[in-house]
>>> print(open('query-v2.cif').read())   # mmCIF, C-alpha atoms
data_upload
loop_
_atom_site.label_atom_id
_atom_site.label_comp_id
_atom_site.auth_asym_id
_atom_site.auth_seq_id
_atom_site.Cartn_x
_atom_site.Cartn_y
_atom_site.Cartn_z
CA MET Q 518 -58.00 -222.78 -19.05
CA PRO Q 519 -55.04 -224.36 -20.89
CA PHE Q 520 -52.41 -226.38 -19.08
CA SER Q 521 -50.03 -224.07 -17.19
CA LEU Q 522 -46.34 -224.70 -16.55
CA SER Q 523 -46.21 -222.29 -13.63
CA ASP Q 524 -49.24 -223.82 -11.93
CA THR Q 525 -47.95 -227.35 -12.44
CA PHE Q 526 -44.36 -226.59 -11.44
CA PRO Q 527 -44.57 -223.63 -9.04
CA ASP Q 528 -41.21 -224.34 -7.40
CA ARG Q 529 -38.97 -225.35 -10.31
CA LYS Q 530 -38.30 -224.98 -14.01
CA PRO Q 531 -39.26 -228.30 -15.60
CA LEU Q 532 -37.15 -230.58 -17.74
CA VAL Q 533 -39.27 -231.73 -20.69
CA ALA Q 534 -37.66 -234.86 -22.14
CA MET Q 535 -38.14 -235.79 -25.78
CA ILE Q 536 -39.25 -239.21 -26.96
CA HIS Q 537 -38.26 -239.49 -30.62
CA VAL Q 538 -40.69 -242.11 -31.86
CA PRO Q 539 -39.25 -244.68 -34.31
CA ALA Q 540 -40.40 -244.41 -37.92
CA LEU Q 541 -44.16 -244.91 -38.23
CA PRO Q 542 -46.18 -246.95 -40.75
CA GLY Q 543 -46.15 -245.55 -44.27
CA THR Q 544 -42.91 -243.57 -43.88
CA PRO Q 545 -39.74 -244.53 -45.80
CA ALA Q 546 -37.78 -245.68 -42.75
CA TYR Q 547 -40.56 -247.82 -41.26
CA GLN Q 548 -39.37 -251.41 -40.63
CA ASN Q 549 -42.76 -253.18 -40.50
CA ASN Q 550 -42.16 -253.46 -36.75
CA TRP Q 551 -45.16 -251.87 -35.07
CA PRO Q 552 -44.93 -253.94 -31.84
CA ALA Q 553 -41.27 -252.91 -31.55
CA VAL Q 554 -42.17 -249.25 -31.98
CA LEU Q 555 -44.59 -249.41 -29.06
CA LYS Q 556 -42.11 -251.37 -26.96
CA LYS Q 557 -39.41 -248.77 -27.59
CA VAL Q 558 -41.54 -245.79 -26.56
CA ARG Q 559 -42.71 -247.62 -23.43
CA GLN Q 560 -39.12 -248.38 -22.47
CA GLU Q 561 -38.03 -244.77 -22.99
CA ALA Q 562 -40.99 -243.39 -21.06
CA GLU Q 563 -40.23 -245.70 -18.14
CA LEU Q 564 -36.52 -244.84 -18.13
CA LEU Q 565 -37.16 -241.10 -18.28
CA ALA Q 566 -39.87 -241.15 -15.62
CA THR Q 567 -37.70 -243.22 -13.28
CA ALA Q 568 -34.78 -240.84 -13.81
CA GLY Q 569 -36.89 -237.93 -12.59
CA VAL Q 570 -37.68 -235.79 -15.62
CA ASP Q 571 -40.61 -233.44 -15.13
CA ALA Q 572 -42.54 -233.92 -18.37
CA LEU Q 573 -42.41 -235.73 -21.71
CA LEU Q 574 -42.77 -234.62 -25.32
CA ILE Q 575 -43.50 -237.15 -28.07
CA GLU Q 576 -42.36 -236.42 -31.62
CA ASN Q 577 -42.31 -238.41 -34.89
CA MET Q 578 -38.73 -237.32 -35.62
CA HIS Q 579 -37.82 -240.45 -37.60
CA ASP Q 580 -40.57 -239.96 -40.21
CA THR Q 581 -38.30 -238.21 -42.71
CA PRO Q 582 -38.93 -236.77 -45.20
CA TYR Q 583 -41.77 -234.87 -43.55
CA SER Q 584 -44.85 -233.64 -45.35
CA ALA Q 585 -45.98 -230.09 -44.63
CA ARG Q 586 -49.06 -229.69 -42.42
CA ILE Q 587 -50.97 -232.75 -43.61
CA VAL Q 588 -50.27 -236.29 -42.39
CA GLY Q 589 -52.21 -239.43 -43.17
CA PRO Q 590 -54.59 -241.31 -40.89
CA GLU Q 591 -51.89 -243.91 -40.32
CA ILE Q 592 -49.74 -241.26 -38.60
CA VAL Q 593 -52.58 -239.85 -36.51
CA SER Q 594 -53.69 -243.29 -35.36
CA SER Q 595 -50.12 -244.44 -34.70
CA MET Q 596 -49.26 -241.34 -32.68
CA THR Q 597 -52.47 -241.77 -30.68
CA ALA Q 598 -51.45 -245.33 -29.82
CA VAL Q 599 -47.95 -244.13 -28.93
CA ALA Q 600 -49.32 -241.36 -26.73
CA LEU Q 601 -51.64 -243.74 -24.91
CA ALA Q 602 -48.74 -246.17 -24.36
CA VAL Q 603 -46.57 -243.40 -22.90
CA LYS Q 604 -49.35 -242.14 -20.63
CA ASN Q 605 -49.95 -245.67 -19.40
CA ILE Q 606 -46.30 -245.94 -18.35
CA ALA Q 607 -45.99 -242.43 -16.92
CA PRO Q 608 -49.52 -241.34 -15.97
CA ASN Q 609 -48.37 -238.67 -13.53
CA LEU Q 610 -46.07 -236.80 -15.90
CA PRO Q 611 -47.44 -233.99 -18.07
CA CYS Q 612 -47.02 -235.02 -21.69
CA GLY Q 613 -47.11 -233.17 -24.98
CA ILE Q 614 -46.88 -233.98 -28.65
CA GLN Q 615 -45.51 -232.58 -31.87
CA ILE Q 616 -46.37 -234.08 -35.25
CA LEU Q 617 -43.96 -233.13 -38.00
CA ALA Q 618 -44.04 -231.14 -40.00
CA GLY Q 619 -46.41 -228.50 -38.74
CA ALA Q 620 -49.32 -230.95 -38.44
CA ASN Q 621 -50.65 -228.95 -35.54
CA GLN Q 622 -54.34 -229.83 -35.87
CA ALA Q 623 -53.46 -233.51 -35.98
CA ALA Q 624 -51.37 -233.04 -32.84
CA LEU Q 625 -54.31 -231.40 -31.08
CA ALA Q 626 -56.60 -234.26 -32.06
CA VAL Q 627 -54.14 -236.82 -30.69
CA ALA Q 628 -53.62 -234.79 -27.52
CA LEU Q 629 -57.35 -234.70 -26.90
CA ALA Q 630 -57.82 -238.42 -27.51
CA ALA Q 631 -54.86 -239.42 -25.32
CA ASP Q 632 -55.40 -236.84 -22.56
CA LEU Q 633 -52.14 -235.00 -23.18
CA GLN Q 634 -51.49 -231.57 -21.72
CA PHE Q 635 -49.86 -229.58 -24.53
CA ILE Q 636 -48.71 -229.55 -28.13
CA ARG Q 637 -45.63 -228.03 -29.72
CA ALA Q 638 -46.72 -226.11 -32.82
CA GLU Q 639 -44.56 -224.76 -35.63
CA GLY Q 640 -45.61 -222.11 -38.11
CA PHE Q 641 -48.03 -220.43 -35.71
CA VAL Q 642 -47.28 -216.89 -36.90
CA PHE Q 643 -45.55 -215.58 -40.05
CA GLY Q 644 -45.02 -217.78 -43.07
CA HIS Q 645 -41.55 -219.22 -43.54
CA LEU Q 646 -39.60 -221.49 -45.85
CA ALA Q 647 -39.05 -224.80 -44.11
CA ASP Q 648 -37.15 -227.76 -45.51
CA GLU Q 649 -40.58 -229.20 -46.39
CA GLY Q 650 -41.35 -226.09 -48.47
CA TRP Q 651 -43.31 -222.93 -47.80
CA MET Q 652 -45.40 -223.09 -44.64
CA ASN Q 653 -48.16 -220.56 -44.02
CA SER Q 654 -48.99 -219.45 -40.49
CA ASP Q 655 -51.91 -221.33 -38.95
CA ALA Q 656 -52.81 -219.59 -35.66
CA ALA Q 657 -56.33 -218.71 -36.74
CA GLU Q 658 -57.21 -222.18 -38.02
CA LEU Q 659 -55.48 -223.96 -35.14
CA LEU Q 660 -57.11 -222.10 -32.27
CA ARG Q 661 -60.53 -222.27 -33.92
CA TYR Q 662 -60.03 -226.00 -34.35
CA ARG Q 663 -59.03 -226.29 -30.68
CA ARG Q 664 -62.23 -224.55 -29.67
CA ASN Q 665 -64.39 -226.59 -32.05
CA ILE Q 666 -63.21 -229.94 -30.70
CA GLY Q 667 -63.39 -228.89 -27.04
CA ALA Q 668 -59.64 -228.98 -26.47
CA GLU Q 669 -59.11 -225.56 -24.92
CA HIS Q 670 -57.54 -227.16 -21.85
CA ILE Q 671 -54.61 -228.26 -24.05
CA ALA Q 672 -51.84 -225.67 -24.22
CA VAL Q 673 -50.32 -224.62 -27.53
CA PHE Q 674 -46.62 -223.84 -27.16
CA THR Q 675 -45.25 -222.28 -30.34
CA ASP Q 676 -41.84 -222.14 -31.96
CA ILE Q 677 -40.87 -218.71 -33.24
CA LYS Q 678 -38.29 -218.31 -36.03
CA LYS Q 679 -38.15 -222.09 -35.90
CA LYS Q 680 -35.10 -224.20 -36.60
CA HIS Q 681 -34.50 -225.94 -39.95
CA SER Q 682 -36.06 -222.97 -41.73
CA ALA Q 683 -35.16 -219.87 -43.71
CA HIS Q 684 -36.62 -216.60 -42.52
CA ALA Q 685 -35.52 -214.26 -45.28
CA ALA Q 686 -39.14 -213.31 -46.00
CA THR Q 687 -39.44 -211.95 -42.46
CA ALA Q 688 -35.88 -210.69 -42.05
CA ASP Q 689 -37.20 -207.23 -41.18
CA ILE Q 690 -39.15 -208.68 -38.22
CA ASP Q 691 -36.86 -209.57 -35.35
CA LEU Q 692 -37.35 -212.34 -32.82
CA ALA Q 693 -38.90 -210.07 -30.20
CA GLU Q 694 -41.49 -208.73 -32.63
CA THR Q 695 -42.27 -212.27 -33.75
CA ALA Q 696 -42.82 -213.20 -30.11
CA LYS Q 697 -45.16 -210.24 -29.67
CA ALA Q 698 -47.15 -211.36 -32.71
CA ALA Q 699 -47.49 -214.87 -31.29
CA GLN Q 700 -48.63 -213.39 -27.98
CA PHE Q 701 -51.18 -211.21 -29.78
CA PHE Q 702 -52.44 -214.34 -31.57
CA ARG Q 703 -52.99 -216.06 -28.20
CA THR Q 704 -50.16 -218.55 -27.91
CA ASP Q 705 -49.86 -220.24 -24.52
CA GLY Q 706 -46.07 -220.23 -24.55
CA LEU Q 707 -43.05 -219.41 -26.70
CA ILE Q 708 -40.25 -221.74 -27.79
CA VAL Q 709 -36.85 -220.42 -28.85
CA THR Q 710 -34.29 -222.70 -30.52
CA GLY Q 711 -30.98 -222.72 -32.30
CA THR Q 712 -30.80 -223.20 -36.06
CA ALA Q 713 -31.09 -227.00 -36.01
CA THR Q 714 -31.88 -229.95 -33.76
CA GLY Q 715 -29.29 -230.04 -30.97
CA SER Q 716 -27.89 -226.58 -31.72
CA GLU Q 717 -27.78 -224.04 -28.91
CA ALA Q 718 -30.21 -221.17 -28.69
CA LYS Q 719 -28.56 -217.83 -28.00
CA PRO Q 720 -29.01 -216.58 -24.43
CA GLU Q 721 -29.41 -213.05 -25.80
CA ASP Q 722 -32.34 -214.27 -27.91
CA LEU Q 723 -34.01 -215.65 -24.79
CA ALA Q 724 -33.39 -212.36 -23.01
CA ALA Q 725 -34.95 -210.36 -25.86
CA VAL Q 726 -38.05 -212.54 -26.00
CA LYS Q 727 -38.48 -212.51 -22.23
CA LYS Q 728 -38.28 -208.73 -22.23
CA ALA Q 729 -40.79 -208.46 -25.07
CA CYS Q 730 -43.31 -210.91 -23.57
CA PRO Q 731 -42.66 -211.13 -19.82
CA GLY Q 732 -46.04 -212.67 -19.06
CA LEU Q 733 -45.67 -215.69 -21.34
CA PRO Q 734 -43.92 -218.97 -20.52
CA LEU Q 735 -40.62 -219.19 -22.39
CA LEU Q 736 -39.17 -222.58 -23.27
CA VAL Q 737 -35.75 -223.39 -24.71
CA GLY Q 738 -36.30 -225.86 -27.54
CA SER Q 739 -32.84 -227.08 -28.54
CA GLY Q 740 -29.20 -227.33 -27.52
CA ILE Q 741 -29.56 -227.56 -23.75
CA THR Q 742 -26.84 -229.58 -21.97
CA PRO Q 743 -25.78 -229.99 -18.33
CA GLU Q 744 -22.81 -227.76 -19.12
CA ASN Q 745 -24.73 -224.76 -20.51
CA ILE Q 746 -28.07 -224.83 -18.70
CA GLN Q 747 -26.98 -222.25 -16.13
CA GLU Q 748 -26.71 -219.67 -18.94
CA TYR Q 749 -30.46 -219.94 -19.56
CA LEU Q 750 -31.92 -220.27 -16.07
CA SER Q 751 -32.57 -216.56 -15.59
CA PHE Q 752 -34.60 -216.34 -18.84
CA ALA Q 753 -36.26 -219.70 -19.50
CA ASP Q 754 -39.25 -221.20 -17.73
CA ALA Q 755 -38.77 -224.75 -19.08
CA PHE Q 756 -36.25 -226.79 -21.03
CA ILE Q 757 -37.07 -229.19 -23.87
CA VAL Q 758 -34.17 -231.64 -24.13
CA GLY Q 759 -33.63 -234.48 -26.57
CA SER Q 760 -30.16 -234.76 -28.09
CA ALA Q 761 -28.30 -234.27 -24.81
CA LEU Q 762 -30.04 -237.36 -23.38
CA LYS Q 763 -28.81 -239.64 -26.16
CA LYS Q 764 -25.55 -241.52 -26.66
CA GLY Q 765 -22.99 -239.21 -28.19
CA GLY Q 766 -25.39 -236.30 -27.86
CA HIS Q 767 -27.15 -237.14 -31.14
CA TRP Q 768 -30.95 -237.24 -31.32
CA ALA Q 769 -31.14 -240.48 -33.36
CA ASN Q 770 -29.15 -242.58 -30.89
CA GLU Q 771 -30.36 -244.61 -27.93
CA LEU Q 772 -31.05 -242.99 -24.58
CA ASP Q 773 -27.99 -242.81 -22.34
CA LEU Q 774 -29.00 -243.22 -18.70
CA ASP Q 775 -25.85 -241.51 -17.46
CA ARG Q 776 -26.59 -238.48 -19.65
CA VAL Q 777 -30.21 -238.42 -18.46
CA ASP Q 778 -29.09 -238.49 -14.83
CA LYS Q 779 -26.60 -235.67 -15.41
CA MET Q 780 -29.26 -233.53 -17.10
CA VAL Q 781 -31.73 -234.07 -14.26
CA ALA Q 782 -29.04 -233.27 -11.70
CA ALA Q 783 -27.94 -230.12 -13.53
CA LEU Q 784 -31.43 -228.67 -13.41
CA ALA Q 785 -31.90 -229.68 -9.79
CA LYS Q 786 -28.96 -227.56 -8.63
#
>>> encode(input="query-v2.cif", output="structure tokens")
Amino acid sequence: MPFSLSDTFPDRKPLVAMIHVPALPGTPAYQNNWPAVLKKVRQEAELLATAGVDALLIENMHDTPYSARIVGPEIVSSMTAVALAVKNIAPNLPCGIQILAGANQAALAVALAADLQFIRAEGFVFGHLADEGWMNSDAAELLRYRRNIGAEHIAVFTDIKKKHSAHAATADIDLAETAKAAQFFRTDGLIVTGTATGSEAKPEDLAAVKKACPGLPLLVGSGITPENIQEYLSFADAFIVGSALKKGGHWANELDLDRVDKMVAALAK
């Protein structure tokens, strides 16, 4: 059976803290500083674990511009090393991975090699126009790949109507129907976001998805802050938080320990 949020956190709704990995080898922003990359992710993992977050999510956010679906072996190997470094620092925290953009099979391969518990997958159902270009849905290929490599214990949490994308081609299919399609295609959990990194999801969107798919875990994937989290508690089962933990509330900045502590405290209320 895949990793389960409710089984792992039966008494609370977990805070999943993002680790935005510095630019990796081969990408335009890479600084030829591989030891520093590993040092940075270790430091962030230690800080977040010590502060009391419930889980971690690793993402290659600094690798702009992203390529659609396919990443090179340098990214897969680098993210595997990053994942192993994070797990070494925080072995008791569930940890997931997302490899941008939409490199979901690569993420599964890394998760299996590094003993991670889940991946965040974009483009699972319904094609859409992302800023990387057109992205076909990949549920069939992804779940067959998961089975073929023996990774069925790794959960696949899927964004629906994902941020940084145009959905004109599916404008006649609302968020609830998209959620139902992802459920039908065997997702392990649904992620609802705002329109961009750090932007708030609409509480009414969470309510609609929860009503449509009451048996599936529902995660908020962007825009959560200590000030607004109470608006989502009745709908969401977990909270993925990145920007609100950084200085100035911007994803690309350094972690701010005071912000991390406030976020942990807000969810503990």
>>> closest_atom_pairs(input="query-v2.cif", of="segment 636-717 of chain Q", to="segment 611-614 of chain Q", cutoff="10 Å", atoms="all atoms listed in the file", output="JSON lines")
{"residue": "Q:Ile636", "atom": "CA", "partner": "Q:Ile614", "partner_atom": "CA", "distance": 4.8}
{"residue": "Q:Arg637", "atom": "CA", "partner": "Q:Ile614", "partner_atom": "CA", "distance": 6.2}
{"residue": "Q:Ala638", "atom": "CA", "partner": "Q:Ile614", "partner_atom": "CA", "distance": 8.9}
{"residue": "Q:Ile671", "atom": "CA", "partner": "Q:Gly613", "partner_atom": "CA", "distance": 9.0}
{"residue": "Q:Ala672", "atom": "CA", "partner": "Q:Gly613", "partner_atom": "CA", "distance": 8.9}
{"residue": "Q:Val673", "atom": "CA", "partner": "Q:Gly613", "partner_atom": "CA", "distance": 9.5}
{"residue": "Q:Phe674", "atom": "CA", "partner": "Q:Gly613", "partner_atom": "CA", "distance": 9.6}
>>> resolve_selection(input="query-v2.cif", expression="the PyMOL selection byres ((chain Q and resi 739) around 12)", output="ChimeraX atom specification")
/Q:533-535,676,679-681,708-720,736-738,740-742,745-746,749,755-762,766-768
>>> residues_around(input="query-v2.cif", residues="Ala562 of chain Q", least_positions_apart="2", cutoff="8 Å", atoms="only C-alpha atoms", output="ChimeraX atom specification")
/Q:536,558-560,564-566,573,603,606-607
>>> closest_atom_pairs(input="query-v2.cif", of="segment 567-642 of chain Q", to="segment 682-696 of chain Q", cutoff="12 Å", atoms="all atoms listed in the file", output="JSON lines")
{"residue": "Q:Ala618", "atom": "CA", "partner": "Q:Ser682", "partner_atom": "CA", "distance": 11.6}
{"residue": "Q:Glu639", "atom": "CA", "partner": "Q:Ser682", "partner_atom": "CA", "distance": 10.6}
{"residue": "Q:Gly640", "atom": "CA", "partner": "Q:Ser682", "partner_atom": "CA", "distance": 10.2}
{"residue": "Q:Phe641", "atom": "CA", "partner": "Q:Thr695", "partner_atom": "CA", "distance": 10.2}
{"residue": "Q:Val642", "atom": "CA", "partner": "Q:Thr695", "partner_atom": "CA", "distance": 7.5}
>>> residues_around(input="query-v2.cif", residues="Pro531 of chain Q", least_positions_apart="6", cutoff="10 Å", atoms="only C-alpha atoms", output="list in words")
Leu522, Ser523, Thr525, Val570, Asp571, Ala572, Leu736, Ala753, Asp754, Ala755, Phe756, Ile757, Val781, Leu784 and Ala785 of chain Q
>>> closest_residue(input="query-v2.cif", among="Q:Glu563, Q:Asp722, Q:Glu669, Q:Glu771", to="Pro519 of chain Q", atoms="only C-alpha atoms")
Q:Glu669
>>> closest_residue(input="query-v2.cif", among="Q:Gln700, Q:Glu744, Q:His537, Q:Phe752", to="Cys730 of chain Q", atoms="all atoms listed in the file")
Q:Gln700
>>> closest_residue(input="query-v2.cif", among="Q:Leu707, Q:Leu601, Q:Val588, Q:Leu625", to="Arg661 of chain Q", atoms="all atoms listed in the file")
Q:Leu625
>>> closest_residue(input="query-v2.cif", among="Q:Lys764, Q:Leu750, Q:Lys604, Q:Gly650", to="Leu735 of chain Q", atoms="all atoms listed in the file")
Q:Leu750
>>> resolve_selection(input="query-v2.cif", expression="the PyMOL selection byres ((chain Q and resi 776) around 8)", output="VMD selection string")
chain Q and resid 761 to 764 773 to 775 777 to 780
